[in-house]
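S.K.: Just final-v5.txt, nothing more (compact mmCIF, C-alpha atoms):
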# COMPACT_ATOMS: atom_id res chain seq x y z
CA MET A 1 252.22 102.59 150.52
CA ASN A 2 248.49 102.17 150.13
CA GLY A 3 246.30 105.12 150.96
CA VAL A 4 246.58 108.89 151.07
CA PRO A 5 250.18 110.17 150.84
CA TRP A 6 251.55 112.93 153.08
CA TRP A 7 251.57 115.42 150.18
CA PHE A 8 247.94 114.80 149.18
CA PHE A 9 246.60 118.28 150.00
CA ASP A 10 249.73 120.29 149.15
CA ARG A 11 248.65 121.33 145.63
CA LEU A 12 244.87 121.33 145.99
CA LYS A 13 243.46 124.87 145.92
CA ASP A 14 241.22 124.25 148.91
CA GLY A 15 243.70 121.95 150.60
CA LYS A 16 243.60 121.27 154.29
CA GLY A 17 247.34 121.61 154.75
CA PRO A 18 249.84 118.95 155.77
CA LEU A 19 248.58 115.62 157.08
CA GLU A 20 250.20 115.61 160.50
CA SER A 21 249.00 112.04 161.11
CA LEU A 22 251.00 110.82 158.09
CA ASP A 23 254.01 113.06 158.52
CA PRO A 24 254.46 114.08 162.17
CA GLY A 25 256.44 117.29 162.36
CA GLY A 26 256.80 117.40 158.57
CA ARG A 27 259.89 115.19 158.56
CA ILE A 28 259.05 113.45 155.28
CA ALA A 29 258.06 116.73 153.61
CA LYS A 30 261.40 118.26 154.60
CA ALA A 31 263.29 115.27 153.19
CA ILE A 32 261.15 114.93 150.06
CA PRO A 33 259.56 118.25 149.04
CA THR A 34 256.34 117.99 147.04
CA GLU A 35 258.08 119.55 144.02
CA ARG A 36 260.19 116.39 143.78
CA VAL A 37 257.30 113.92 144.04
CA VAL A 38 255.83 111.84 141.25
CA GLY A 39 252.87 109.98 142.68
CA CYS A 40 251.95 106.48 141.55
CA VAL A 41 248.73 104.57 141.96
CA VAL A 42 249.33 100.85 141.51
CA HIS A 43 246.73 98.55 140.02
CA LEU A 44 248.18 95.06 140.24
CA ALA A 45 247.90 92.10 142.55
CA ALA A 46 250.90 90.43 144.14
CA SER A 47 251.38 88.11 147.06
CA THR A 48 254.12 86.54 149.13
CA PRO A 49 253.37 82.81 149.09
CA GLU A 50 256.47 82.19 151.20
CA PRO A 51 259.21 84.30 152.77
CA GLY A 52 261.51 85.79 150.14
CA LEU A 53 259.19 84.98 147.22
CA ILE A 54 256.92 87.53 145.55
CA SER A 55 254.29 86.34 143.11
CA HIS A 56 252.80 88.73 140.52
CA ASN A 57 249.24 87.50 140.20
CA MET A 58 247.56 89.93 137.82
CA GLY A 59 247.47 93.48 136.49
CA ARG A 60 250.22 95.85 135.42
CA LYS A 61 248.63 99.31 135.40
CA LEU A 62 250.46 102.25 136.99
CA ILE A 63 248.97 105.74 137.09
CA ILE A 64 251.65 108.39 137.56
CA GLY A 65 251.49 112.14 137.99
CA GLU A 66 252.90 115.09 139.82
CA PRO A 67 250.90 116.69 142.63
CA GLY A 68 248.88 119.57 141.24
CA GLY A 69 248.78 118.12 137.73
CA ARG A 70 251.77 119.86 136.21
CA ASN A 71 253.60 116.86 134.81
CA GLY A 72 257.05 117.67 133.53
CA GLU A 73 259.76 115.97 131.54
CA ARG A 74 260.84 113.75 134.46
CA THR A 75 257.33 112.29 134.70
CA SER A 76 257.33 111.65 130.97
CA ARG A 77 260.75 109.94 131.18
CA LEU A 78 259.58 107.86 134.16
CA GLY A 79 256.47 106.80 132.24
CA THR A 80 258.58 105.76 129.26
CA ALA A 81 260.96 103.73 131.45
CA LEU A 82 258.08 101.99 133.24
CA ALA A 83 256.37 101.20 129.92
CA LYS A 84 259.62 99.69 128.60
CA ALA A 85 259.70 97.52 131.75
CA GLY A 86 256.30 96.08 130.78
CA PHE A 87 253.87 98.21 132.76
CA GLU A 88 250.74 99.83 131.37
CA VAL A 89 251.39 103.48 132.27
CA ILE A 90 248.85 106.27 132.41
CA GLN A 91 249.98 109.84 133.05
CA SER A 92 247.38 111.59 135.17
CA THR A 93 246.75 115.32 135.29
CA PHE A 94 245.04 114.92 138.68
CA ILE A 95 246.88 112.22 140.61
CA GLU A 96 245.13 113.22 143.85
CA LYS A 97 241.81 112.07 142.35
CA ASP A 98 243.38 108.79 141.23
CA PHE A 99 244.63 108.17 144.78
CA TRP A 100 241.14 108.85 146.13
CA VAL A 101 239.50 106.45 143.64
CA LYS A 102 241.96 103.72 144.64
CA LEU A 103 241.27 104.43 148.31
CA LEU A 104 237.55 104.21 147.59
CA GLY A 105 238.01 100.65 146.36
CA ASN A 106 240.34 99.71 149.20
CA VAL A 107 238.00 101.07 151.88
CA SER A 108 234.94 99.31 150.51
CA PHE A 109 236.25 95.99 149.21
CA ASN A 110 239.23 95.09 151.40
CA PRO A 111 237.57 94.92 154.85
CA VAL A 112 234.51 93.09 153.52
CA SER A 113 236.72 90.65 151.63
CA ALA A 114 238.88 90.08 154.71
CA LEU A 115 235.85 89.49 156.94
CA THR A 116 234.06 87.16 154.52
CA GLY A 117 237.02 85.50 152.82
CA SER A 118 235.38 86.26 149.48
CA SER A 119 236.86 87.60 146.28
CA ALA A 120 235.65 90.84 144.69
CA ASP A 121 233.57 89.07 142.04
CA ARG A 122 231.70 87.09 144.70
CA LEU A 123 231.12 90.22 146.79
CA ILE A 124 229.60 92.04 143.83
CA ALA A 125 227.44 89.05 142.93
CA ASP A 126 225.62 89.22 146.28
CA ARG A 127 223.14 92.11 146.02
CA HIS A 128 223.06 92.72 149.78
CA VAL A 129 226.84 92.84 150.12
CA LYS A 130 227.10 94.97 146.98
CA ALA A 131 224.54 97.44 148.39
CA TYR A 132 226.52 97.63 151.64
CA MET A 133 229.75 98.36 149.79
CA VAL A 134 228.03 101.01 147.67
CA GLU A 135 226.98 102.74 150.91
CA ILE A 136 230.59 102.64 152.11
CA MET A 137 231.67 104.21 148.80
CA ARG A 138 229.05 106.96 149.12
CA GLU A 139 230.33 107.83 152.57
CA VAL A 140 233.92 107.99 151.34
CA LEU A 141 232.86 110.13 148.37
CA ALA A 142 231.07 112.51 150.71
CA ILE A 143 234.35 113.34 152.46
CA GLY A 144 236.64 113.12 149.43
CA PRO A 145 238.05 115.73 147.03
CA ARG A 146 234.71 116.00 145.16
CA GLY A 147 232.41 115.38 148.10
CA ARG A 148 230.96 118.77 148.88
CA ARG A 149 228.63 120.39 146.35
CA GLY A 150 230.21 123.20 144.43
CA ARG A 151 233.76 122.00 145.02
CA ARG A 152 235.96 121.72 142.02
CA ASP A 153 237.47 118.33 141.28
CA ARG A 154 240.64 119.91 139.96
CA PRO A 155 243.60 121.33 141.85
Would you write out, as structure tokens, the structure that this file holds?
M.R.:
Amino acid sequence: MNGVPWWFFDRLKDGKGPLESLDPGGRIAKAIPTERVVGCVVHLAASTPEPGLISHNMGRKLIIGEPGGRNGERTSRLGTALAKAGFEVIQSTFIEKDFWVKLLGNVSFNPVSALTGSSADRLIADRHVKAYMVEIMREVLAIGPRGRRGRRDRP
């Protein structure tokens, strides 16, 4: 899944409550309570060059953490297992922020890349396109977990 998970606001002190649009009727939350969640933000590129074939193109970073920042033994064990499997694992104490940062990149780069057919390095190299994407990022930051002045960036 790419984007904001259904449990995103569950542990934030000024949370907005359940995301009905992502979990209509709370069906997922009932099946997978937030206490059982370990979130993961994936930073790698993969593609499907043909049906049934997955190609790992670059990156291996995984950011893991429990909602609300109280990582326990299971998160530590998961991190160890993922590291043994060859991933670069970072344990976050504020996984909600890490999701938002990833979303910030997705919202600004992905549509522009899709529309232009350009890679990220080429988008950044063009000062006009870069300025446009920075404006998109500013708008996303304005509505995100740290957007309003005086808001804490911690759960």
S.K.: Around the point (248.3, 89.7, 140.9), in the coordinates given by the file, pick out the residues reaching within 6 Å, counting all atoms listed in the file, and return them as a list in words.
M.R.: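 Protein, DNA and RNA residues close to (248.3, 89.7, 140.9): Leu44, Ala45, Ala46, His56, Asn57, Met58 and Gly59 of chain A.
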S.K.: I need the chosen residues saved as a compact mmCIF listing (two decimals), keeping the file's coordinate frame, with C-alpha atoms.
M.R.:
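Saved result, again.txt, follows:
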# COMPACT_ATOMS: atom_id res chain seq x y z
CA LEU A 44 248.18 95.06 140.24
CA ALA A 45 247.90 92.10 142.55
CA ALA A 46 250.90 90.43 144.14
CA HIS A 56 252.80 88.73 140.52
CA ASN A 57 249.24 87.50 140.20
CA MET A 58 247.56 89.93 137.82
CA GLY A 59 247.47 93.48 136.49
S.K.: With only C-alpha atoms as the basis for distance, which of A:Gly68, A:Asp98, A:Thr34, A:Val129 is at the shortest distance from Pro111 in chain A?
M.R.: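 Under the stated criterion, the closest residue is A:Val129.
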S.K.: Which residues are close to Cys40 in chain A, i.e. within 7 Å by only C-alpha atoms, leaving aside same-chain residues fewer than 6 positions away? Reply as a VMD selection string.
M.R.: chain A and resid 62 to 65
S.K.: Got a sec: who's within 12 Å of Ile90 in chain A, counting only C-alpha atoms, leaving out chain neighbours fewer than 3 positions off, as JSON, numbers by chain?
M.R.: {"A": [39, 40, 41, 42, 43, 60, 61, 62, 63, 64, 65, 71, 75, 76, 78, 79, 80, 82, 83, 87, 93, 94, 95, 98]}
S.K.: Have a look at CA of Arg11 in chain A and CA of Pro67 in chain A and let me know their distance in Å, one decimal.
M.R.: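 Result for CA of Arg11 in chain A versus CA of Pro67 in chain A: 6.0 Å, one decimal.
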S.K.: What's the 12 Å shell around Val134 in chain A, counting all atoms listed in the file, without same-chain residues fewer than 3 positions away, as a VMD selection string?
M.R.: chain A and resid 104 to 105 107 to 109 112 123 to 124 127 to 131 137 to 141
S.K.: Between CA of Glu73 in chain A and CA of Lys97 in chain A, what is the distance, to one decimal in Å?
M.R.: 21.3 Å
S.K.: Let me know the centre plus edge lengths, in Å and rounded to one decimal, of a box with edges along x, y and z that contains all listed atoms of range 116-127 of chain A and is padded by 6 Å on every side, as AutoDock Vina command-line options.
M.R.:
--center_x 230.1 --center_y 88.8 --center_z 148.3 --size_x 25.9 --size_y 18.6 --size_z 24.5
S.K.: With all atoms listed in the file as the atoms that count, which of A:Ser47, A:Glu96, A:Arg77, A:Trp7 lies nearest to Glu20 in chain A?
M.R.: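 Checking each of A:Ser47, A:Glu96, A:Arg77, A:Trp7 against Glu20 in chain A, counting all atoms listed in the file, the winner is A:Trp7.
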S.K.: Find the residue from A:Asn2, A:Ser21, A:Thr116, A:Thr48 that sits nearest to Leu103 in chain A; use only C-alpha atoms when measuring.
M.R.: A:Asn2
S.K.: Suppose you want the space between CA of Ala31 in chain A and CA of Asn106 in chain A; what is it in Å?
M.R.: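 Between CA of Ala31 in chain A and CA of Asn106 in chain A the gap works out to 28.0 Å.
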S.K.: Env of Asp23 in chain A: 10 Å cut, atoms = only C-alpha atoms, seq-sep filter 6 positions within chain, self excluded. Answer as an MDAnalysis selection string.
M.R.: chainID A and resid 5:7 29:30
S.K.: Restricting the calculation to only C-alpha atoms, which member of A:Arg122, A:Arg70, A:Lys102, A:Lys84 is positioned closest to Val37 in chain A?
M.R.: A:Arg70
